[in-house]
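**Student:** File name my_file.cif; file contents mmCIF, C-alpha atoms; full text below.
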data_upload
loop_
_atom_site.label_atom_id
_atom_site.label_comp_id
_atom_site.auth_asym_id
_atom_site.auth_seq_id
_atom_site.Cartn_x
_atom_site.Cartn_y
_atom_site.Cartn_z
CA MET A 27 -14.15 4.38 -9.76
CA LYS A 28 -12.39 6.97 -7.65
CA ASP A 29 -10.19 9.49 -9.42
CA ALA A 30 -8.09 12.62 -8.94
CA LEU A 31 -11.16 14.85 -8.67
CA ALA A 32 -12.63 12.79 -5.82
CA ILE A 33 -9.29 12.88 -3.98
CA HIS A 34 -8.91 16.63 -4.62
CA ARG A 35 -12.40 17.41 -3.28
CA TRP A 36 -11.87 15.22 -0.21
CA LEU A 37 -8.53 16.88 0.59
CA LEU A 38 -10.04 20.35 0.10
CA ALA A 39 -12.86 19.43 2.50
CA HIS A 40 -10.18 18.45 5.07
CA GLN A 41 -8.21 21.65 4.33
CA ILE A 42 -5.09 19.73 3.35
CA HIS A 43 -2.57 21.49 1.12
CA HIS A 44 -1.85 19.22 -1.85
CA GLU A 45 -1.24 19.23 -5.56
CA ILE A 46 -2.70 17.11 -8.34
CA VAL A 47 0.19 16.80 -10.79
CA ARG A 48 -0.49 16.40 -14.50
CA LEU A 49 2.00 13.80 -15.77
CA PRO A 50 4.00 14.16 -19.00
CA ARG A 51 3.19 10.57 -19.95
CA PRO A 52 0.73 7.97 -18.66
CA LEU A 53 1.49 5.57 -15.83
CA THR A 54 1.09 1.84 -16.19
CA CYS A 55 1.23 1.47 -12.40
CA SER A 56 2.47 3.26 -9.26
CA ASP A 57 5.95 1.81 -9.81
CA ASP A 58 6.36 4.27 -12.72
CA LEU A 59 6.01 7.35 -10.48
CA PRO A 60 9.75 7.87 -9.71
CA GLU A 61 10.71 7.76 -13.38
CA VAL A 62 7.81 9.85 -14.68
CA LEU A 63 8.15 12.52 -11.96
CA ASP A 64 11.96 12.32 -11.72
CA VAL A 65 11.84 11.89 -7.93
CA PRO A 66 13.45 9.32 -5.60
CA PRO A 67 11.52 6.02 -5.24
CA ALA A 68 11.49 6.50 -1.46
CA SER A 69 9.17 9.50 -1.92
CA CYS A 70 6.64 7.55 -4.00
CA VAL A 71 3.94 5.57 -2.25
CA GLY A 72 2.20 2.53 -3.64
CA VAL A 73 -0.61 0.33 -2.40
CA SER A 74 -0.33 -3.44 -2.78
CA VAL A 75 -3.46 -5.51 -2.27
CA PHE A 76 -3.25 -9.14 -1.19
CA GLU A 77 -5.78 -11.92 -0.75
CA VAL A 78 -5.08 -13.38 2.68
CA ALA A 79 -6.42 -16.78 3.72
CA VAL A 80 -7.10 -16.97 7.44
CA ARG A 81 -9.28 -19.30 9.48
CA GLY A 82 -12.51 -17.45 8.69
CA GLY A 83 -11.91 -17.44 4.92
CA GLU A 84 -10.20 -15.06 2.52
CA GLU A 85 -10.05 -11.33 2.95
CA PRO A 86 -8.27 -8.52 1.11
CA VAL A 87 -5.50 -6.60 2.83
CA ALA A 88 -3.88 -3.41 1.50
CA VAL A 89 -0.28 -2.50 2.30
CA VAL A 90 1.05 1.05 1.83
CA SER A 91 4.79 1.15 1.13
CA ALA A 92 7.45 2.91 -0.88
CA VAL A 93 7.29 1.81 -4.52
CA GLY A 94 10.95 0.81 -4.36
CA GLU A 95 10.29 -1.57 -1.45
CA PRO A 96 7.05 -3.44 -2.12
CA PRO A 97 5.86 -5.80 0.61
CA ARG A 98 6.60 -9.48 0.23
CA PRO A 99 3.63 -11.84 0.53
CA ALA A 100 5.59 -13.93 3.06
CA ALA A 101 6.00 -10.89 5.33
CA VAL A 102 2.29 -10.07 5.12
CA GLY A 103 1.42 -13.69 5.86
CA ALA A 104 3.74 -13.81 8.85
CA LEU A 105 2.31 -10.60 10.30
CA LEU A 106 -1.28 -11.77 9.94
CA ARG A 107 -0.56 -15.42 10.73
CA ALA A 108 -2.20 -16.35 7.47
CA HIS A 109 -2.33 -19.77 5.86
CA ARG A 110 -1.80 -18.31 2.40
CA VAL A 111 -1.12 -14.90 0.90
CA ARG A 112 -1.16 -14.01 -2.77
CA PRO A 113 -1.38 -10.79 -4.76
CA ALA A 114 -5.01 -9.90 -5.39
CA SER A 115 -6.41 -10.19 -8.88
CA ALA A 116 -7.13 -7.02 -10.85
CA PHE A 117 -10.85 -7.65 -10.41
CA THR A 118 -10.45 -7.92 -6.62
CA VAL A 119 -8.32 -4.75 -6.43
CA ASN A 120 -10.83 -2.79 -8.52
CA SER A 121 -13.87 -3.99 -6.57
CA VAL A 122 -12.33 -3.73 -3.08
CA THR A 123 -10.60 -0.35 -3.42
CA ASP A 124 -12.74 1.34 -6.10
CA TYR A 125 -9.48 2.36 -7.83
CA ALA A 126 -7.92 1.03 -11.01
CA ASP A 127 -5.57 -1.89 -10.40
CA GLY A 128 -1.96 -0.69 -10.11
CA LEU A 129 -3.03 2.92 -9.52
CA VAL A 130 -4.51 2.65 -6.02
CA CYS A 131 -4.22 5.78 -3.88
CA PRO A 132 -3.72 5.27 -0.12
CA LEU A 133 -6.49 7.79 0.53
CA LEU A 134 -10.25 7.15 0.42
CA LEU A 135 -9.89 3.40 0.92
CA PRO A 136 -13.01 1.70 2.32
CA ASP A 137 -13.37 1.56 6.11
CA ASP A 138 -13.86 -2.21 6.09
CA LEU A 139 -10.57 -2.85 4.24
CA THR A 140 -7.62 -3.83 6.45
CA VAL A 141 -4.82 -1.36 5.67
CA LEU A 142 -1.23 -1.66 6.89
CA VAL A 143 1.61 0.85 6.47
CA ASP A 144 5.21 -0.28 6.14
CA GLN A 145 7.04 1.17 9.16
CA ARG A 146 10.15 1.77 7.01
CA LEU A 147 8.17 4.34 5.00
CA ILE A 148 7.28 6.29 8.13
CA GLU A 149 10.84 6.14 9.49
CA ARG A 150 12.50 7.31 6.26
CA LEU A 151 10.27 10.28 5.54
CA GLY A 152 10.30 13.47 7.53
CA PRO A 153 6.97 15.16 8.27
CA ASP A 154 7.63 17.93 5.74
CA ASP A 155 8.92 15.63 2.98
CA LEU A 156 6.76 15.53 -0.12
CA VAL A 157 5.29 12.18 -1.11
CA HIS A 158 3.74 11.17 -4.39
CA ALA A 159 0.95 8.67 -4.98
CA ALA A 160 -1.25 7.46 -7.78
CA THR A 161 -4.77 8.85 -8.07
CA GLY A 162 -6.47 5.99 -9.87
CA GLU A 163 -5.83 7.75 -13.17
CA ARG A 164 -2.94 7.17 -15.58
CA ARG A 165 -2.28 10.87 -16.28
CA THR A 166 -2.23 12.36 -12.76
CA ALA A 167 -0.44 11.92 -9.44
CA LEU A 168 -0.97 13.32 -5.96
CA ARG A 169 1.71 15.31 -4.12
CA LEU A 170 1.36 16.17 -0.43
CA ARG A 171 3.39 16.31 2.76
CA ALA A 172 4.19 13.00 4.46
CA LEU A 173 2.68 14.28 7.70
CA HIS A 174 -0.72 14.70 6.05
CA LEU A 175 -0.56 11.36 4.29
CA PHE A 176 0.16 9.45 7.50
CA ASP A 177 -2.50 11.40 9.40
CA LEU A 178 -5.15 10.66 6.78
CA VAL A 179 -4.45 6.98 6.09
CA PRO A 180 -6.33 4.90 8.66
CA ALA A 181 -3.70 2.20 8.88
CA LYS A 182 -1.62 0.32 11.37
CA PRO A 183 2.18 0.74 11.00
CA VAL A 184 3.89 -2.66 10.83
CA ASP A 185 7.44 -3.92 10.47
CA MET A 186 7.48 -5.56 7.04
CA THR A 187 11.07 -6.78 7.47
CA ALA A 188 10.40 -9.05 10.43
CA VAL A 189 9.33 -12.34 8.92
CA HIS A 190 8.65 -14.78 11.72
CA ARG A 191 10.02 -18.10 10.55
CA ARG A 192 9.43 -21.40 12.14
CA GLY A 193 12.54 -23.02 13.48
CA MET A 194 13.59 -26.45 12.29
CA ALA A 195 12.43 -27.95 15.60
CA SER A 196 8.86 -26.81 15.03
CA LEU A 197 8.82 -28.45 11.59
CA ALA A 198 9.90 -31.84 12.88
CA SER A 199 7.26 -34.34 13.83
CA PRO A 200 7.04 -34.94 17.60
CA MET A 201 6.66 -38.67 16.90
CA ARG A 202 9.90 -38.90 14.95
CA THR A 203 13.05 -39.95 16.78
CA ALA A 204 16.56 -39.37 15.56
#
Please go through the file and, once you have read it, give me the structure as structure tokens.

**Tutor:**
Amino acid sequence: MKDALAIHRWLLAHQIHHEIVRLPRPLTCSDDLPEVLDVPPASCVGVSVFEVAVRGGEEPVAVVSAVGEPPRPAAVGALLRAHRVRPASAFTVNSVTDYADGLVCPLLLPDDLTVLVDQRLIERLGPDDLVHAATGERRTALRLRALHLFDLVPAKPVDMTAVHRRGMASLASPMRTA
């Protein structure tokens, strides 16, 4: 499993200024970051992993967003034109990300994992704003500038608010007459 030390070494190798913060109490998940660190939820980043059913089978998809605005499965499904989307099981999250479930860091995710970033997160944070993320450990968090986070996360920014809904006409059978 990846941890704060792995993240720290990787960021040092990339010469990125950051801080591994020792927390006063353990996290249960990334959603606890604002309360434990006494920072706004908009500055705390979480990673949600979903199992997405598409034509070729099921595949995991990670979405990076503010902890106060987690992605809705319906929005993820609409973006990916998926048949079904559900939150990934703890086993899937652990095996796909190599982080503890609920404490996934947006850095060091596998290259073969589809990663999306909520566009609202990018729009609301300035490049010099500090962001906080889990490290895979319950007692530490990562603090770095938003500019560095968005440069280092190999993800596609997407609009998580635009859920493409089918109109009533598309749901009606073409054989049915009124």

**Student:** Can you list what the PyMOL selection byres ((chain A and resi 137) around 12) grabs from this structure, as a ChimeraX atom specification?

**Tutor:** /A:87-88,122-123,133-136,138-141,179-181

**Student:** Skipping near chain neighbours, those fewer than 5 positions away, what residues fall within 10 Å of Ala160 of chain A using only C-alpha atoms, listed as a ChimeraX atom specification?

**Tutor:** /A:29-30,46-47,53,55-59,70-73,125-126,128-133,165-169

**Student:** Name the residues that the PyMOL selection byres ((chain A and resi 155) around 9) picks from the file above, as a ChimeraX atom specification, using the file's chain letters and numbers.

**Tutor:** /A:69,151-154,156-157,170-173

**Student:** Which of these residues is nearest to Leu63 of chain A, using only C-alpha atoms: A:Met186, A:Leu147, A:Ala159, A:Ala32?

**Tutor:**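 Smallest distance to Leu63 of chain A is found for A:Ala159.
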
**Student:** At a cut-off of 8 Å around the point (-1.6, 0.1, 13.5) (file coordinates), what residues fall inside when counting all atoms listed in the file? I'd like the answer as a list in words.

**Tutor:**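 Selection result: Leu142, Val143, Ala181, Lys182, Pro183 and Val184 of chain A.
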
**Student:** On this structure, which residues satisfy the PyMOL selection byres ((chain A and resi 74-85) around 7), written as a ChimeraX atom specification?

**Tutor:** /A:72-73,86-90,108-114,119

**Student:** With C-alpha atoms retained, write the just-selected residues as a short mmCIF file (atom, residue, chain, number, x, y, z; two decimals), in the coordinates of the input.

**Tutor:**
data_model
loop_
_atom_site.label_atom_id
_atom_site.label_comp_id
_atom_site.auth_asym_id
_atom_site.auth_seq_id
_atom_site.Cartn_x
_atom_site.Cartn_y
_atom_site.Cartn_z
CA GLY A 72 2.20 2.53 -3.64
CA VAL A 73 -0.61 0.33 -2.40
CA PRO A 86 -8.27 -8.52 1.11
CA VAL A 87 -5.50 -6.60 2.83
CA ALA A 88 -3.88 -3.41 1.50
CA VAL A 89 -0.28 -2.50 2.30
CA VAL A 90 1.05 1.05 1.83
CA ALA A 108 -2.20 -16.35 7.47
CA HIS A 109 -2.33 -19.77 5.86
CA ARG A 110 -1.80 -18.31 2.40
CA VAL A 111 -1.12 -14.90 0.90
CA ARG A 112 -1.16 -14.01 -2.77
CA PRO A 113 -1.38 -10.79 -4.76
CA ALA A 114 -5.01 -9.90 -5.39
CA VAL A 119 -8.32 -4.75 -6.43
#

**Student:** Separation of atom CA of Leu38 of chain A and atom CA of Arg51 of chain A, in Å?

**Tutor:** 25.9 Å

**Student:** For Gln41 of chain A, which of A:His174, A:Asp185, A:Ala92, A:Glu61 is the closest residue, counting only C-alpha atoms?

**Tutor:**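 Closest to Gln41 of chain A of all the choices is A:His174.
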
**Student:** Using only C-alpha atoms, find the one residue out of A:Val62, A:Ala68, A:Leu49, A:Ala100 that sits nearest to Arg150 of chain A.

**Tutor:**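 When distances to Arg150 of chain A are compared using only C-alpha atoms, the smallest one comes from A:Ala68.
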
**Student:** Atom CA of Asp177 of chain A and atom CA of Arg146 of chain A are how many Å apart?

**Tutor:**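 So the answer is 16.1 Å.
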
**Student:** Record the distance separating atom CA of Thr161 of chain A and atom CA of Gln145 of chain A, expressed in Å with one decimal.

**Tutor:**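 Separation between atom CA of Thr161 of chain A and atom CA of Gln145 of chain A: 22.3 Å.
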
**Student:** For Pro60 of chain A, which residue among A:Leu106, A:Val93, A:Ala39, A:Ala116 is the nearest when counting all atoms listed in the file?

**Tutor:**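 The answer is A:Val93, which sits nearest to Pro60 of chain A.
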
**Student:** Using the partial input, fill out segment 128-152 of chain A with N, CA and C atoms; write the result as a PDB file, in the coordinates of the input.

**Tutor:**
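Dumped to selection19.pdb:
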ATOM      1  N   GLY A 128      -3.282  -1.245  -9.860  1.00  0.00           N
ATOM      2  CA  GLY A 128      -1.960  -0.690 -10.110  1.00  0.00           C
ATOM      3  C   GLY A 128      -1.855   0.799  -9.862  1.00  0.00           C
ATOM      4  N   LEU A 129      -3.001   1.462  -9.713  1.00  0.00           N
ATOM      5  CA  LEU A 129      -3.030   2.920  -9.520  1.00  0.00           C
ATOM      6  C   LEU A 129      -3.797   3.296  -8.254  1.00  0.00           C
ATOM      7  N   VAL A 130      -3.754   2.439  -7.251  1.00  0.00           N
ATOM      8  CA  VAL A 130      -4.510   2.650  -6.020  1.00  0.00           C
ATOM      9  C   VAL A 130      -3.861   3.746  -5.187  1.00  0.00           C
ATOM     10  N   CYS A 131      -4.666   4.703  -4.776  1.00  0.00           N
ATOM     11  CA  CYS A 131      -4.220   5.780  -3.880  1.00  0.00           C
ATOM     12  C   CYS A 131      -4.418   5.312  -2.435  1.00  0.00           C
ATOM     13  N   PRO A 132      -3.528   5.672  -1.521  1.00  0.00           N
ATOM     14  CA  PRO A 132      -3.720   5.270  -0.120  1.00  0.00           C
ATOM     15  C   PRO A 132      -4.841   6.017   0.589  1.00  0.00           C
ATOM     16  N   LEU A 133      -5.389   7.030  -0.054  1.00  0.00           N
ATOM     17  CA  LEU A 133      -6.490   7.790   0.530  1.00  0.00           C
ATOM     18  C   LEU A 133      -7.836   7.287   0.005  1.00  0.00           C
ATOM     19  N   LEU A 134      -8.881   7.507   0.783  1.00  0.00           N
ATOM     20  CA  LEU A 134     -10.250   7.150   0.420  1.00  0.00           C
ATOM     21  C   LEU A 134     -10.462   5.644   0.255  1.00  0.00           C
ATOM     22  N   LEU A 135      -9.666   4.841   0.943  1.00  0.00           N
ATOM     23  CA  LEU A 135      -9.890   3.400   0.920  1.00  0.00           C
ATOM     24  C   LEU A 135     -11.083   3.076   1.819  1.00  0.00           C
ATOM     25  N   PRO A 136     -11.830   2.038   1.524  1.00  0.00           N
ATOM     26  CA  PRO A 136     -13.010   1.700   2.320  1.00  0.00           C
ATOM     27  C   PRO A 136     -12.667   1.417   3.787  1.00  0.00           C
ATOM     28  N   ASP A 137     -13.581   1.763   4.671  1.00  0.00           N
ATOM     29  CA  ASP A 137     -13.370   1.560   6.110  1.00  0.00           C
ATOM     30  C   ASP A 137     -13.243   0.089   6.481  1.00  0.00           C
ATOM     31  N   ASP A 138     -13.895  -0.797   5.732  1.00  0.00           N
ATOM     32  CA  ASP A 138     -13.860  -2.210   6.090  1.00  0.00           C
ATOM     33  C   ASP A 138     -12.647  -2.957   5.517  1.00  0.00           C
ATOM     34  N   LEU A 139     -11.787  -2.248   4.796  1.00  0.00           N
ATOM     35  CA  LEU A 139     -10.570  -2.850   4.240  1.00  0.00           C
ATOM     36  C   LEU A 139      -9.438  -2.741   5.269  1.00  0.00           C
ATOM     37  N   THR A 140      -8.785  -3.854   5.557  1.00  0.00           N
ATOM     38  CA  THR A 140      -7.620  -3.830   6.450  1.00  0.00           C
ATOM     39  C   THR A 140      -6.468  -3.170   5.697  1.00  0.00           C
ATOM     40  N   VAL A 141      -5.911  -2.108   6.296  1.00  0.00           N
ATOM     41  CA  VAL A 141      -4.820  -1.360   5.670  1.00  0.00           C
ATOM     42  C   VAL A 141      -3.637  -1.343   6.635  1.00  0.00           C
ATOM     43  N   LEU A 142      -2.467  -1.691   6.123  1.00  0.00           N
ATOM     44  CA  LEU A 142      -1.230  -1.660   6.890  1.00  0.00           C
ATOM     45  C   LEU A 142      -0.271  -0.690   6.215  1.00  0.00           C
ATOM     46  N   VAL A 143       0.585  -0.042   7.006  1.00  0.00           N
ATOM     47  CA  VAL A 143       1.610   0.850   6.470  1.00  0.00           C
ATOM     48  C   VAL A 143       2.972   0.296   6.874  1.00  0.00           C
ATOM     49  N   ASP A 144       3.852   0.182   5.886  1.00  0.00           N
ATOM     50  CA  ASP A 144       5.210  -0.280   6.140  1.00  0.00           C
ATOM     51  C   ASP A 144       5.925   0.733   7.032  1.00  0.00           C
ATOM     52  N   GLN A 145       6.371   0.306   8.186  1.00  0.00           N
ATOM     53  CA  GLN A 145       7.040   1.170   9.160  1.00  0.00           C
ATOM     54  C   GLN A 145       8.265   1.854   8.560  1.00  0.00           C
ATOM     55  N   ARG A 146       8.960   1.188   7.641  1.00  0.00           N
ATOM     56  CA  ARG A 146      10.150   1.770   7.010  1.00  0.00           C
ATOM     57  C   ARG A 146       9.793   3.068   6.288  1.00  0.00           C
ATOM     58  N   LEU A 147       8.620   3.128   5.696  1.00  0.00           N
ATOM     59  CA  LEU A 147       8.170   4.340   5.000  1.00  0.00           C
ATOM     60  C   LEU A 147       8.049   5.498   5.973  1.00  0.00           C
ATOM     61  N   ILE A 148       7.464   5.259   7.109  1.00  0.00           N
ATOM     62  CA  ILE A 148       7.280   6.290   8.130  1.00  0.00           C
ATOM     63  C   ILE A 148       8.621   6.757   8.681  1.00  0.00           C
ATOM     64  N   GLU A 149       9.531   5.807   8.906  1.00  0.00           N
ATOM     65  CA  GLU A 149      10.840   6.140   9.490  1.00  0.00           C
ATOM     66  C   GLU A 149      11.731   6.917   8.528  1.00  0.00           C
ATOM     67  N   ARG A 150      11.607   6.683   7.243  1.00  0.00           N
ATOM     68  CA  ARG A 150      12.500   7.310   6.260  1.00  0.00           C
ATOM     69  C   ARG A 150      12.030   8.668   5.768  1.00  0.00           C
ATOM     70  N   LEU A 151      10.792   8.993   6.006  1.00  0.00           N
ATOM     71  CA  LEU A 151      10.270  10.280   5.540  1.00  0.00           C
ATOM     72  C   LEU A 151      10.090  11.229   6.716  1.00  0.00           C
ATOM     73  N   GLY A 152      10.546  12.442   6.532  1.00  0.00           N
ATOM     74  CA  GLY A 152      10.300  13.470   7.530  1.00  0.00           C
ATOM     75  C   GLY A 152       8.894  14.023   7.353  1.00  0.00           C
TER      76      GLY A 152
END
